[in-house]
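Peer 1: One file: input16.cif (mmCIF, C-alpha atoms, pLDDT in the B column; chains and numbers go by the auth columns).
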data_query
loop_
_atom_site.group_PDB
_atom_site.id
_atom_site.type_symbol
_atom_site.label_atom_id
_atom_site.label_comp_id
_atom_site.label_asym_id
_atom_site.label_seq_id
_atom_site.Cartn_x
_atom_site.Cartn_y
_atom_site.Cartn_z
_atom_site.B_iso_or_equiv
_atom_site.auth_seq_id
_atom_site.auth_asym_id
ATOM 1 C CA MET A 1 8.671 5.530 43.620 75.00 1 R
ATOM 2 C CA THR A 2 6.204 4.024 41.182 94.00 2 R
ATOM 3 C CA SER A 3 5.911 5.181 37.618 97.00 3 R
ATOM 4 C CA HIS A 4 3.676 3.795 34.891 98.00 4 R
ATOM 5 C CA VAL A 5 4.383 5.072 31.368 98.00 5 R
ATOM 6 C CA GLU A 6 2.352 3.817 28.446 98.00 6 R
ATOM 7 C CA LEU A 7 2.037 4.423 24.729 98.00 7 R
ATOM 8 C CA ALA A 8 -1.585 3.589 23.882 98.00 8 R
ATOM 9 C CA GLU A 9 -2.516 2.543 20.363 97.00 9 R
ATOM 10 C CA ALA A 10 -6.237 2.538 21.134 97.00 10 R
ATOM 11 C CA GLY A 11 -8.566 4.760 23.118 97.00 11 R
ATOM 12 C CA PHE A 12 -8.368 4.721 26.902 98.00 12 R
ATOM 13 C CA ASP A 13 -10.616 5.911 29.711 98.00 13 R
ATOM 14 C CA PRO A 14 -8.945 8.694 31.706 98.00 14 R
ATOM 15 C CA ALA A 15 -11.549 8.497 34.496 98.00 15 R
ATOM 16 C CA ALA A 16 -10.806 4.787 34.986 98.00 16 R
ATOM 17 C CA ARG A 17 -7.067 5.540 35.017 98.00 17 R
ATOM 18 C CA LEU A 18 -7.535 8.200 37.673 98.00 18 R
ATOM 19 C CA ALA A 19 -9.714 5.873 39.774 98.00 19 R
ATOM 20 C CA ALA A 20 -7.088 3.109 39.611 98.00 20 R
ATOM 21 C CA PHE A 21 -4.301 5.559 40.369 98.00 21 R
ATOM 22 C CA THR A 22 -6.154 6.908 43.388 98.00 22 R
ATOM 23 C CA ALA A 23 -6.890 3.374 44.594 98.00 23 R
ATOM 24 C CA SER A 24 -3.144 2.652 44.515 97.00 24 R
ATOM 25 C CA LEU A 25 -2.236 5.424 46.947 97.00 25 R
ATOM 26 C CA ASP A 26 -0.289 4.566 50.047 96.00 26 R
ATOM 27 C CA GLY A 27 -1.032 7.413 52.392 96.00 27 R
ATOM 28 C CA GLU A 28 -0.251 10.322 50.065 97.00 28 R
ATOM 29 C CA GLY A 29 -2.324 13.439 50.656 98.00 29 R
ATOM 30 C CA ALA A 30 -2.373 14.851 47.123 98.00 30 R
ATOM 31 C CA VAL A 31 -3.298 13.656 43.648 98.00 31 R
ATOM 32 C CA VAL A 32 -3.208 15.869 40.572 98.00 32 R
ATOM 33 C CA SER A 33 -4.277 14.754 37.111 98.00 33 R
ATOM 34 C CA PHE A 34 -4.499 16.311 33.681 98.00 34 R
ATOM 35 C CA THR A 35 -6.170 14.984 30.547 98.00 35 R
ATOM 36 C CA GLY A 36 -5.673 16.487 27.095 98.00 36 R
ATOM 37 C CA HIS A 37 -8.445 15.911 24.557 98.00 37 R
ATOM 38 C CA ALA A 38 -8.437 16.257 20.779 97.00 38 R
ATOM 39 C CA ARG A 39 -10.210 19.402 19.635 94.00 39 R
ATOM 40 C CA GLY A 40 -12.747 19.428 16.826 93.00 40 R
ATOM 41 C CA ALA A 41 -11.325 22.603 15.315 93.00 41 R
ATOM 42 C CA ALA A 42 -7.852 23.849 14.430 92.00 42 R
ATOM 43 C CA LYS A 43 -6.512 27.141 15.839 89.00 43 R
ATOM 44 C CA ASP A 44 -7.795 28.967 12.755 90.00 44 R
ATOM 45 C CA GLY A 45 -11.253 27.458 13.205 91.00 45 R
ATOM 46 C CA ARG A 46 -11.048 24.906 10.402 92.00 46 R
ATOM 47 C CA PRO A 47 -12.716 21.591 11.294 94.00 47 R
ATOM 48 C CA VAL A 48 -10.497 18.668 12.295 95.00 48 R
ATOM 49 C CA ALA A 49 -11.748 15.166 11.549 96.00 49 R
ATOM 50 C CA ALA A 50 -8.839 13.437 13.294 97.00 50 R
ATOM 51 C CA LEU A 51 -5.608 14.212 15.034 97.00 51 R
ATOM 52 C CA VAL A 52 -2.942 11.743 13.937 97.00 52 R
ATOM 53 C CA LEU A 53 0.027 11.100 16.216 98.00 53 R
ATOM 54 C CA GLU A 54 2.944 9.316 14.660 98.00 54 R
ATOM 55 C CA SER A 55 5.530 7.587 16.867 98.00 55 R
ATOM 56 C CA TYR A 56 8.848 5.896 16.138 97.00 56 R
ATOM 57 C CA ARG A 57 9.628 2.375 17.372 96.00 57 R
ATOM 58 C CA GLY A 58 11.019 2.200 20.903 97.00 58 R
ATOM 59 C CA VAL A 59 12.215 5.784 20.836 98.00 59 R
ATOM 60 C CA THR A 60 8.827 7.321 21.591 98.00 60 R
ATOM 61 C CA LEU A 61 8.199 5.281 24.733 98.00 61 R
ATOM 62 C CA ALA A 62 11.811 5.772 25.854 98.00 62 R
ATOM 63 C CA SER A 63 11.396 9.550 25.544 98.00 63 R
ATOM 64 C CA MET A 64 8.262 9.406 27.709 98.00 64 R
ATOM 65 C CA GLN A 65 10.015 7.229 30.306 98.00 65 R
ATOM 66 C CA SER A 66 12.938 9.637 30.453 98.00 66 R
ATOM 67 C CA ILE A 67 10.600 12.596 31.037 98.00 67 R
ATOM 68 C CA ALA A 68 8.773 10.710 33.819 98.00 68 R
ATOM 69 C CA ALA A 69 12.093 9.753 35.452 98.00 69 R
ATOM 70 C CA ASP A 70 13.153 13.417 35.381 98.00 70 R
ATOM 71 C CA ALA A 71 9.886 14.422 37.069 98.00 71 R
ATOM 72 C CA HIS A 72 10.519 11.927 39.862 98.00 72 R
ATOM 73 C CA ALA A 73 14.098 13.156 40.261 98.00 73 R
ATOM 74 C CA ARG A 74 13.047 16.791 40.378 98.00 74 R
ATOM 75 C CA PHE A 75 9.864 16.803 42.461 98.00 75 R
ATOM 76 C CA ASN A 76 8.956 15.097 45.683 98.00 76 R
ATOM 77 C CA ILE A 77 6.314 12.853 44.138 98.00 77 R
ATOM 78 C CA THR A 78 5.782 9.238 45.123 98.00 78 R
ATOM 79 C CA ARG A 79 4.017 7.957 42.012 98.00 79 R
ATOM 80 C CA SER A 80 3.062 8.935 38.490 98.00 80 R
ATOM 81 C CA HIS A 81 0.941 7.567 35.672 98.00 81 R
ATOM 82 C CA VAL A 82 1.467 8.736 32.097 98.00 82 R
ATOM 83 C CA VAL A 83 -0.519 7.571 29.059 98.00 83 R
ATOM 84 C CA HIS A 84 -0.084 9.004 25.562 98.00 84 R
ATOM 85 C CA ARG A 85 -2.055 7.974 22.516 98.00 85 R
ATOM 86 C CA CYS A 86 -0.663 7.361 19.075 98.00 86 R
ATOM 87 C CA GLY A 87 -2.528 6.773 15.819 98.00 87 R
ATOM 88 C CA ALA A 88 -5.729 8.495 14.731 97.00 88 R
ATOM 89 C CA ILE A 89 -7.632 10.275 17.500 98.00 89 R
ATOM 90 C CA ARG A 90 -11.131 11.610 16.975 97.00 90 R
ATOM 91 C CA PRO A 91 -12.308 14.931 18.436 97.00 91 R
ATOM 92 C CA GLY A 92 -13.188 14.542 22.091 97.00 92 R
ATOM 93 C CA GLU A 93 -11.004 11.494 22.668 98.00 93 R
ATOM 94 C CA ALA A 94 -8.195 11.661 25.216 98.00 94 R
ATOM 95 C CA ILE A 95 -4.716 12.208 23.784 98.00 95 R
ATOM 96 C CA VAL A 96 -2.700 12.328 26.971 98.00 96 R
ATOM 97 C CA PHE A 97 -3.222 11.661 30.663 98.00 97 R
ATOM 98 C CA VAL A 98 -0.871 12.363 33.528 98.00 98 R
ATOM 99 C CA ALA A 99 -1.443 11.781 37.222 98.00 99 R
ATOM 100 C CA THR A 100 0.955 12.460 40.059 98.00 100 R
ATOM 101 C CA ALA A 101 0.788 11.859 43.791 98.00 101 R
ATOM 102 C CA SER A 102 2.704 13.378 46.682 98.00 102 R
ATOM 103 C CA ALA A 103 2.453 13.847 50.416 98.00 103 R
ATOM 104 C CA HIS A 104 1.469 17.510 49.977 98.00 104 R
ATOM 105 C CA ARG A 105 -0.107 19.237 46.997 98.00 105 R
ATOM 106 C CA ARG A 106 2.665 21.459 45.616 98.00 106 R
ATOM 107 C CA ALA A 107 4.919 18.688 44.315 98.00 107 R
ATOM 108 C CA ALA A 108 2.022 16.892 42.618 98.00 108 R
ATOM 109 C CA PHE A 109 0.822 20.102 40.925 98.00 109 R
ATOM 110 C CA GLU A 110 4.278 21.058 39.729 98.00 110 R
ATOM 111 C CA ALA A 111 5.223 17.583 38.539 98.00 111 R
ATOM 112 C CA ALA A 112 2.028 17.251 36.473 98.00 112 R
ATOM 113 C CA ASP A 113 2.626 20.696 34.934 98.00 113 R
ATOM 114 C CA TYR A 114 6.258 19.806 34.193 98.00 114 R
ATOM 115 C CA LEU A 115 5.338 16.433 32.682 98.00 115 R
ATOM 116 C CA MET A 116 2.883 18.067 30.293 98.00 116 R
ATOM 117 C CA ASP A 117 5.261 20.847 29.235 97.00 117 R
ATOM 118 C CA ARG A 118 7.948 18.325 28.390 97.00 118 R
ATOM 119 C CA LEU A 119 5.590 15.846 26.721 97.00 119 R
ATOM 120 C CA LYS A 120 4.325 18.647 24.457 96.00 120 R
ATOM 121 C CA THR A 121 7.773 19.659 23.285 95.00 121 R
ATOM 122 C CA GLU A 122 10.166 16.725 23.793 96.00 122 R
ATOM 123 C CA ALA A 123 8.288 13.439 23.595 98.00 123 R
ATOM 124 C CA VAL A 124 8.948 11.830 20.213 98.00 124 R
ATOM 125 C CA PHE A 125 5.666 12.306 18.378 98.00 125 R
ATOM 126 C CA TRP A 126 4.662 14.029 15.180 97.00 126 R
ATOM 127 C CA LYS A 127 1.202 15.491 15.181 96.00 127 R
ATOM 128 C CA ARG A 128 -1.012 16.089 12.181 96.00 128 R
ATOM 129 C CA GLU A 129 -4.494 17.509 11.851 96.00 129 R
ATOM 130 C CA ASP A 130 -6.565 15.833 9.141 96.00 130 R
ATOM 131 C CA GLY A 131 -9.599 17.757 7.943 94.00 131 R
ATOM 132 C CA PRO A 132 -11.873 18.063 4.933 93.00 132 R
ATOM 133 C CA ASP A 133 -9.446 20.512 3.330 88.00 133 R
ATOM 134 C CA GLY A 134 -6.306 18.455 3.830 92.00 134 R
ATOM 135 C CA SER A 135 -3.651 17.672 6.415 94.00 135 R
ATOM 136 C CA ARG A 136 -1.373 19.927 8.413 93.00 136 R
ATOM 137 C CA TRP A 137 1.577 19.052 10.602 94.00 137 R
ATOM 138 C CA ILE A 138 1.621 20.767 13.972 92.00 138 R
ATOM 139 C CA GLU A 139 4.873 21.720 15.675 88.00 139 R
ATOM 140 C CA PRO A 140 5.325 23.125 19.178 87.00 140 R
ATOM 141 C CA THR A 141 4.258 26.767 19.375 90.00 141 R
ATOM 142 C CA GLU A 142 6.233 29.622 20.905 92.00 142 R
ATOM 143 C CA ALA A 143 3.867 29.386 23.861 93.00 143 R
ATOM 144 C CA ASP A 144 4.769 25.683 24.271 93.00 144 R
ATOM 145 C CA GLN A 145 8.478 26.554 24.202 92.00 145 R
ATOM 146 C CA ALA A 146 7.931 29.375 26.714 94.00 146 R
ATOM 147 C CA ASP A 147 6.101 26.931 28.997 94.00 147 R
ATOM 148 C CA LEU A 148 9.055 24.561 28.782 94.00 148 R
ATOM 149 C CA ALA A 149 11.553 27.358 29.437 95.00 149 R
ATOM 150 C CA ARG A 150 9.893 28.086 32.796 95.00 150 R
ATOM 151 C CA TRP A 151 11.432 24.877 34.148 95.00 151 R
ATOM 152 C CA THR A 152 14.917 25.646 32.870 89.00 152 R
ATOM 153 C CA ALA A 153 14.774 29.096 34.420 79.00 153 R
ATOM 154 C CA LYS A 154 13.628 27.664 37.748 70.00 154 R
ATOM 155 C CA GLN A 155 16.495 25.215 37.884 62.00 155 R
ATOM 156 C CA ASP A 156 19.219 27.885 37.390 48.00 156 R
ATOM 157 C CA MET B 1 34.824 3.395 -3.725 63.00 1 N
ATOM 158 C CA ALA B 2 32.550 0.578 -2.640 79.00 2 N
ATOM 159 C CA SER B 3 29.183 1.618 -1.410 85.00 3 N
ATOM 160 C CA THR B 4 26.153 0.024 0.092 92.00 4 N
ATOM 161 C CA ARG B 5 22.482 0.853 0.034 94.00 5 N
ATOM 162 C CA LEU B 6 21.144 2.480 3.178 96.00 6 N
ATOM 163 C CA ARG B 7 17.443 2.717 3.861 97.00 7 N
ATOM 164 C CA ILE B 8 16.391 5.877 5.673 98.00 8 N
ATOM 165 C CA GLU B 9 13.035 6.277 7.353 98.00 9 N
ATOM 166 C CA LEU B 10 11.459 9.726 7.130 97.00 10 N
ATOM 167 C CA CYS B 11 9.207 10.728 10.017 97.00 11 N
ATOM 168 C CA GLY B 12 6.395 13.246 10.283 96.00 12 N
ATOM 169 C CA ARG B 13 6.256 15.941 7.607 93.00 13 N
ATOM 170 C CA LEU B 14 9.501 14.671 6.052 95.00 14 N
ATOM 171 C CA ALA B 15 7.528 11.771 4.556 95.00 15 N
ATOM 172 C CA GLU B 16 5.385 14.122 2.476 92.00 16 N
ATOM 173 C CA ALA B 17 7.837 14.785 -0.361 89.00 17 N
ATOM 174 C CA CYS B 18 9.216 11.318 -1.172 92.00 18 N
ATOM 175 C CA GLY B 19 7.333 8.831 0.972 94.00 19 N
ATOM 176 C CA ARG B 20 8.124 7.122 4.222 96.00 20 N
ATOM 177 C CA GLU B 21 11.390 5.452 3.168 97.00 21 N
ATOM 178 C CA VAL B 22 14.209 6.428 0.832 97.00 22 N
ATOM 179 C CA ASP B 23 17.412 4.648 -0.153 97.00 23 N
ATOM 180 C CA LEU B 24 20.827 6.238 -0.342 96.00 24 N
ATOM 181 C CA ASP B 25 24.240 4.957 -1.473 95.00 25 N
ATOM 182 C CA LEU B 26 26.481 4.990 1.558 95.00 26 N
ATOM 183 C CA PRO B 27 30.283 4.593 1.350 95.00 27 N
ATOM 184 C CA GLU B 28 31.542 1.488 3.162 94.00 28 N
ATOM 185 C CA ALA B 29 33.365 3.772 5.601 95.00 29 N
ATOM 186 C CA GLY B 30 30.112 5.526 6.450 96.00 30 N
ATOM 187 C CA LEU B 31 29.169 9.204 6.499 96.00 31 N
ATOM 188 C CA PRO B 32 28.662 11.700 9.305 97.00 32 N
ATOM 189 C CA VAL B 33 25.021 12.653 9.814 96.00 33 N
ATOM 190 C CA ALA B 34 25.561 16.187 8.479 94.00 34 N
ATOM 191 C CA ALA B 35 27.080 14.877 5.235 95.00 35 N
ATOM 192 C CA LEU B 36 24.382 12.225 4.980 96.00 36 N
ATOM 193 C CA MET B 37 21.703 14.924 5.001 94.00 37 N
ATOM 194 C CA VAL B 38 23.508 16.829 2.235 93.00 38 N
ATOM 195 C CA ALA B 39 23.814 13.627 0.173 95.00 39 N
ATOM 196 C CA LEU B 40 20.143 12.912 0.752 96.00 40 N
ATOM 197 C CA GLY B 41 19.158 16.384 -0.449 95.00 41 N
ATOM 198 C CA ASP B 42 21.286 15.854 -3.581 94.00 42 N
ATOM 199 C CA ALA B 43 19.760 12.456 -4.284 95.00 43 N
ATOM 200 C CA TYR B 44 16.202 13.608 -3.540 95.00 44 N
ATOM 201 C CA PRO B 45 15.879 17.274 -4.506 94.00 45 N
ATOM 202 C CA ALA B 46 12.237 17.275 -3.366 92.00 46 N
ATOM 203 C CA LEU B 47 13.537 16.666 0.160 92.00 47 N
ATOM 204 C CA GLY B 48 16.106 19.427 -0.004 86.00 48 N
ATOM 205 C CA ASP B 49 13.758 22.152 1.152 85.00 49 N
ATOM 206 C CA ALA B 50 12.544 20.233 4.207 86.00 50 N
ATOM 207 C CA LEU B 51 16.102 19.217 5.131 87.00 51 N
ATOM 208 C CA SER B 52 17.557 22.694 4.720 81.00 52 N
ATOM 209 C CA ARG B 53 14.928 24.199 6.979 76.00 53 N
ATOM 210 C CA GLY B 54 17.097 22.650 9.665 70.00 54 N
ATOM 211 C CA ARG B 55 16.122 21.373 13.074 87.00 55 N
ATOM 212 C CA ILE B 56 16.169 17.855 11.618 94.00 56 N
ATOM 213 C CA ARG B 57 17.708 15.304 13.947 96.00 57 N
ATOM 214 C CA ALA B 58 18.993 11.865 13.072 97.00 58 N
ATOM 215 C CA CYS B 59 18.082 8.740 14.982 98.00 59 N
ATOM 216 C CA VAL B 60 20.550 5.883 14.577 98.00 60 N
ATOM 217 C CA ASN B 61 19.717 2.472 16.023 98.00 61 N
ATOM 218 C CA GLU B 62 16.977 4.024 18.161 97.00 62 N
ATOM 219 C CA ALA B 63 19.093 6.811 19.665 97.00 63 N
ATOM 220 C CA ILE B 64 19.043 10.473 18.673 96.00 64 N
ATOM 221 C CA VAL B 65 22.623 11.356 17.733 97.00 65 N
ATOM 222 C CA PRO B 66 24.681 14.523 17.137 96.00 66 N
ATOM 223 C CA SER B 67 25.393 15.606 13.548 93.00 67 N
ATOM 224 C CA ALA B 68 29.015 14.446 13.785 96.00 68 N
ATOM 225 C CA THR B 69 28.031 10.825 14.422 97.00 69 N
ATOM 226 C CA VAL B 70 29.093 8.529 11.589 98.00 70 N
ATOM 227 C CA VAL B 71 26.346 6.431 10.030 98.00 71 N
ATOM 228 C CA ARG B 72 27.645 3.050 8.863 96.00 72 N
ATOM 229 C CA PRO B 73 26.241 0.339 6.619 95.00 73 N
ATOM 230 C CA GLY B 74 23.676 -1.718 8.479 95.00 74 N
ATOM 231 C CA ASP B 75 22.645 1.099 10.790 97.00 75 N
ATOM 232 C CA GLU B 76 18.947 1.709 11.251 97.00 76 N
ATOM 233 C CA VAL B 77 18.479 5.360 10.399 98.00 77 N
ATOM 234 C CA ALA B 78 15.503 7.686 10.723 98.00 78 N
ATOM 235 C CA LEU B 79 15.240 11.442 10.365 97.00 79 N
ATOM 236 C CA PHE B 80 13.159 13.380 12.857 97.00 80 N
ATOM 237 C CA PRO B 81 11.604 16.789 12.213 95.00 81 N
ATOM 238 C CA PRO B 82 10.721 18.790 15.360 94.00 82 N
ATOM 239 C CA VAL B 83 8.605 16.658 17.686 96.00 83 N
ATOM 240 C CA SER B 84 5.268 17.583 19.228 93.00 84 N
ATOM 241 C CA GLY B 85 3.195 15.571 21.654 92.00 85 N
ATOM 242 C CA GLY B 86 0.196 16.246 23.836 88.00 86 N
#
Could you spell out this file's structure in C-alpha cells?
Peer 2:
Amino acid sequence: MTSHVELAEAGFDPAARLAAFTASLDGEGAVVSFTGHARGAAKDGRPVAALVLESYRGVTLASMQSIAADAHARFNITRSHVVHRCGAIRPGEAIVFVATASAHRRAAFEAADYLMDRLKTEAVFWKREDGPDGSRWIEPTEADQADLARWTAKQD
Amino acid sequence: MASTRLRIELCGRLAEACGREVDLDLPEAGLPVAALMVALGDAYPALGDALSRGRIRACVNEAIVPSATVVRPGDEVALFPPVSGG
C-alpha cells in the first residue's frame, strides 16, 4: 500500500495532485477523488473573507496519518493521497483533497467517503471564519457527526 | 509545597479569552488533567466558562491523554477544544 499524507501551509493544485496520483497507478481500475473548497459565505449567508485552520505541532499530521492508516486497514484500497491545508484560506481555494485507488470502484468510493468523514470530525484542526463582522469558530455539526456514525454502525 | 510554573497552550477558541498561552503554578508532584483544568479556571476566571463547557481534551507531549493522566513539571501541555477539519 502507498499512502501520502500532507499538511500544506500554502495553496496547492488539486488537479495536479489528481494527475500525479493517476500517473502513479499500477494496474488499479478505480480512482476516486474529492476536493473541499472554502466557501465565500457562512451558513447564515454572512460573507467570509478567509477560513483560518489552526493546527498543533506534530499532532495534526499524526491524526491525519492515523485516519489514512485506518482507511487502508478497513477498505481494499491500494493507494491514497491526502492533503489538508492549514493557515488562512481564501474563498475558492482548496482546503482538503483526498484520492483513493482500488482494483474495483466500491472500495475507492467508500474509502474516500470515510476519509472525509473522519477528517471533518477527528483530524486535529480548529476552523474559524473571518469576515467583515468578526470571527467565528466552527465546530463539527450534527450532520458531520451523523456522517461519522455511519461508519461505526457499519462495523458493528 | 514547592511548585513550578507550567506553560499551557490554548488552541482554537480557547485562546480568545486570555491569549494563546497561560502560566499556572503546578505542584512538583504534578496534577491530574481534570484537576489542572479546575486550577486553570480558578487562576483565569475568564477561561472558566470555556473550560466548563466541557469536551476539552488535554494534549501532553504531543499525545491526547485521558483526564486522569498526571501532568508533571516540564511537560508540554496544550488544551484542545472540539476539533474540526475539512
Peer 1: Would you kindly return, as a PDB file with C-alpha atoms, keeping the file's coordinate frame, each protein, DNA or RNA residue with an atom no farther than 6 Å from any atom of Gly40 in chain R, considering only C-alpha atoms and excluding same-chain residues fewer than 5 positions away?
Peer 2:
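New file result-v3.pdb:
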ATOM      1  CA  PRO R  47     -12.716  21.591  11.294  1.00 94.00           C
ATOM      2  CA  VAL R  48     -10.497  18.668  12.295  1.00 95.00           C
ATOM      3  CA  PRO R  91     -12.308  14.931  18.436  1.00 97.00           C
TER       4      PRO R  91
END
Peer 1: Residues of chain N within 6 Å of chain R: nearest atom pair and distance (Å, one decimal) for each, counting all atoms listed in the file, sorted by chain and number, as a tab-separated table?
Peer 2:
residue	atom	partner	partner_atom	distance
N:Gly12	CA	R:Trp126	CA	5.3
N:Glu62	CA	R:Val59	CA	5.7
N:Val83	CA	R:Phe125	CA	5.3
N:Ser84	CA	R:Thr121	CA	5.2
N:Gly85	CA	R:Lys120	CA	4.3
N:Gly86	CA	R:Lys120	CA	4.8
Peer 1: Would you pick out the contacts of range 15-28 of chain N at 9 Å or less, using only C-alpha atoms, so that residues sharing its chain but fewer than 5 positions from it are not included, and give the list as a PDB file with C-alpha atoms, in the frame of the given file?
Peer 2:
ATOM      1  CA  MET N   1      34.824   3.395  -3.725  1.00 63.00           C
ATOM      2  CA  ALA N   2      32.550   0.578  -2.640  1.00 79.00           C
ATOM      3  CA  SER N   3      29.183   1.618  -1.410  1.00 85.00           C
ATOM      4  CA  THR N   4      26.153   0.024   0.092  1.00 92.00           C
ATOM      5  CA  ARG N   5      22.482   0.853   0.034  1.00 94.00           C
ATOM      6  CA  LEU N   6      21.144   2.480   3.178  1.00 96.00           C
ATOM      7  CA  ARG N   7      17.443   2.717   3.861  1.00 97.00           C
ATOM      8  CA  ILE N   8      16.391   5.877   5.673  1.00 98.00           C
ATOM      9  CA  GLU N   9      13.035   6.277   7.353  1.00 98.00           C
ATOM     10  CA  LEU N  10      11.459   9.726   7.130  1.00 97.00           C
ATOM     11  CA  LEU N  36      24.382  12.225   4.980  1.00 96.00           C
ATOM     12  CA  ALA N  39      23.814  13.627   0.173  1.00 95.00           C
ATOM     13  CA  LEU N  40      20.143  12.912   0.752  1.00 96.00           C
ATOM     14  CA  ALA N  43      19.760  12.456  -4.284  1.00 95.00           C
ATOM     15  CA  TYR N  44      16.202  13.608  -3.540  1.00 95.00           C
ATOM     16  CA  ALA N  46      12.237  17.275  -3.366  1.00 92.00           C
ATOM     17  CA  LEU N  47      13.537  16.666   0.160  1.00 92.00           C
ATOM     18  CA  ALA N  50      12.544  20.233   4.207  1.00 86.00           C
ATOM     19  CA  VAL N  71      26.346   6.431  10.030  1.00 98.00           C
ATOM     20  CA  ARG N  72      27.645   3.050   8.863  1.00 96.00           C
ATOM     21  CA  PRO N  73      26.241   0.339   6.619  1.00 95.00           C
ATOM     22  CA  ALA N  78      15.503   7.686  10.723  1.00 98.00           C
TER      23      ALA N  78
END
Peer 1: Under the PyMOL selection byres ((chain R and resi 88) around 7), which residues of this model are included? Write them out as a PyMOL selection string.
Peer 2: chain R and resi 50-53+86-87+89-90
Peer 1: Please expand the PyMOL selection byres ((chain R and resi 104) around 8) into the concrete residues it hits in this file, giving the result as a PyMOL selection string.
Peer 2: chain R and resi 28-30+102-103+105-108
Peer 1: Given the file shown, enumerate the residues that the PyMOL selection byres ((chain N and resi 35) around 12) captures and present them as an NGL selection string.
Peer 2: :N and (26-27 or 30-34 or 36-42 or 51 or 58 or 67-71)
Peer 1: Quick one: distance from CA of Val60 in chain N to CA of Ala29 in chain N in Å, one decimal?
Peer 2: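 Atom-to-atom, CA of Val60 in chain N and CA of Ala29 in chain N are spaced 15.8 Å apart.
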Peer 1: Report as a list of chain:residue names all protein, DNA and RNA residues lying within 10 Å of Arg17 in chain R, evaluated on only C-alpha atoms, omitting residues in the same chain fewer than 4 positions from it.
Peer 2: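 Everything that qualifies: R:Phe12, R:Asp13, R:Phe21, R:Thr22, R:Ala23, R:Ser33, R:His81, R:Val82, R:Val83, R:Phe97, R:Val98, R:Ala99.
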Peer 1: Any chance you can output those residues with C-alpha atoms as an mmCIF file, in the frame of the given file?
Peer 2:
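out24.cif, freshly written:
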data_model
loop_
_atom_site.group_PDB
_atom_site.id
_atom_site.type_symbol
_atom_site.label_atom_id
_atom_site.label_comp_id
_atom_site.auth_asym_id
_atom_site.auth_seq_id
_atom_site.Cartn_x
_atom_site.Cartn_y
_atom_site.Cartn_z
ATOM 1 C CA PHE R 12 -8.368 4.721 26.902
ATOM 2 C CA ASP R 13 -10.616 5.911 29.711
ATOM 3 C CA PHE R 21 -4.301 5.559 40.369
ATOM 4 C CA THR R 22 -6.154 6.908 43.388
ATOM 5 C CA ALA R 23 -6.890 3.374 44.594
ATOM 6 C CA SER R 33 -4.277 14.754 37.111
ATOM 7 C CA HIS R 81 0.941 7.567 35.672
ATOM 8 C CA VAL R 82 1.467 8.736 32.097
ATOM 9 C CA VAL R 83 -0.519 7.571 29.059
ATOM 10 C CA PHE R 97 -3.222 11.661 30.663
ATOM 11 C CA VAL R 98 -0.871 12.363 33.528
ATOM 12 C CA ALA R 99 -1.443 11.781 37.222
#
Peer 1: May I ask which of the residues R:Ala15, R:Asp147, R:Leu115, R:Ala153 is the closest one to Ser66 in chain R, counting all atoms listed in the file?
Peer 2: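 Selected residue with least distance to Ser66 in chain R: R:Leu115.
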Peer 1: In Å, how far is it from CA of Thr78 in chain R to CA of Ala146 in chain R?
Peer 2: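 Result for CA of Thr78 in chain R versus CA of Ala146 in chain R: 27.4 Å, one decimal.
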Peer 1: Which residue is closest to Glu129 in chain R? Choose from N:Phe80, N:Gly74, N:Arg13, N:Ile56 and count only C-alpha atoms.
Peer 2: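 Looking only at the distances to Glu129 in chain R, the closest residue turns out to be N:Arg13.
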Peer 1: Rank R:Ala101, R:Lys43, R:Glu93, R:Gly27 by their smallest atom-to-atom distance to Ala71 in chain R, using all atoms listed in the file, and report the top residue only.
Peer 2: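 Among R:Ala101, R:Lys43, R:Glu93, R:Gly27, it is R:Ala101 that comes nearest to Ala71 in chain R.
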Peer 1: From the list R:Ala69, R:Met64, R:Val31, R:Ala19, which residue is nearest Leu7 in chain R when using all atoms listed in the file?
Peer 2: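 Nearest to Leu7 in chain R: R:Met64.
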Peer 1: Separation of CA of Gly92 in chain R and CA of Gly45 in chain R, in Å?
Peer 2: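 One can read the CA of Gly92 in chain R to CA of Gly45 in chain R distance as 15.8 Å.
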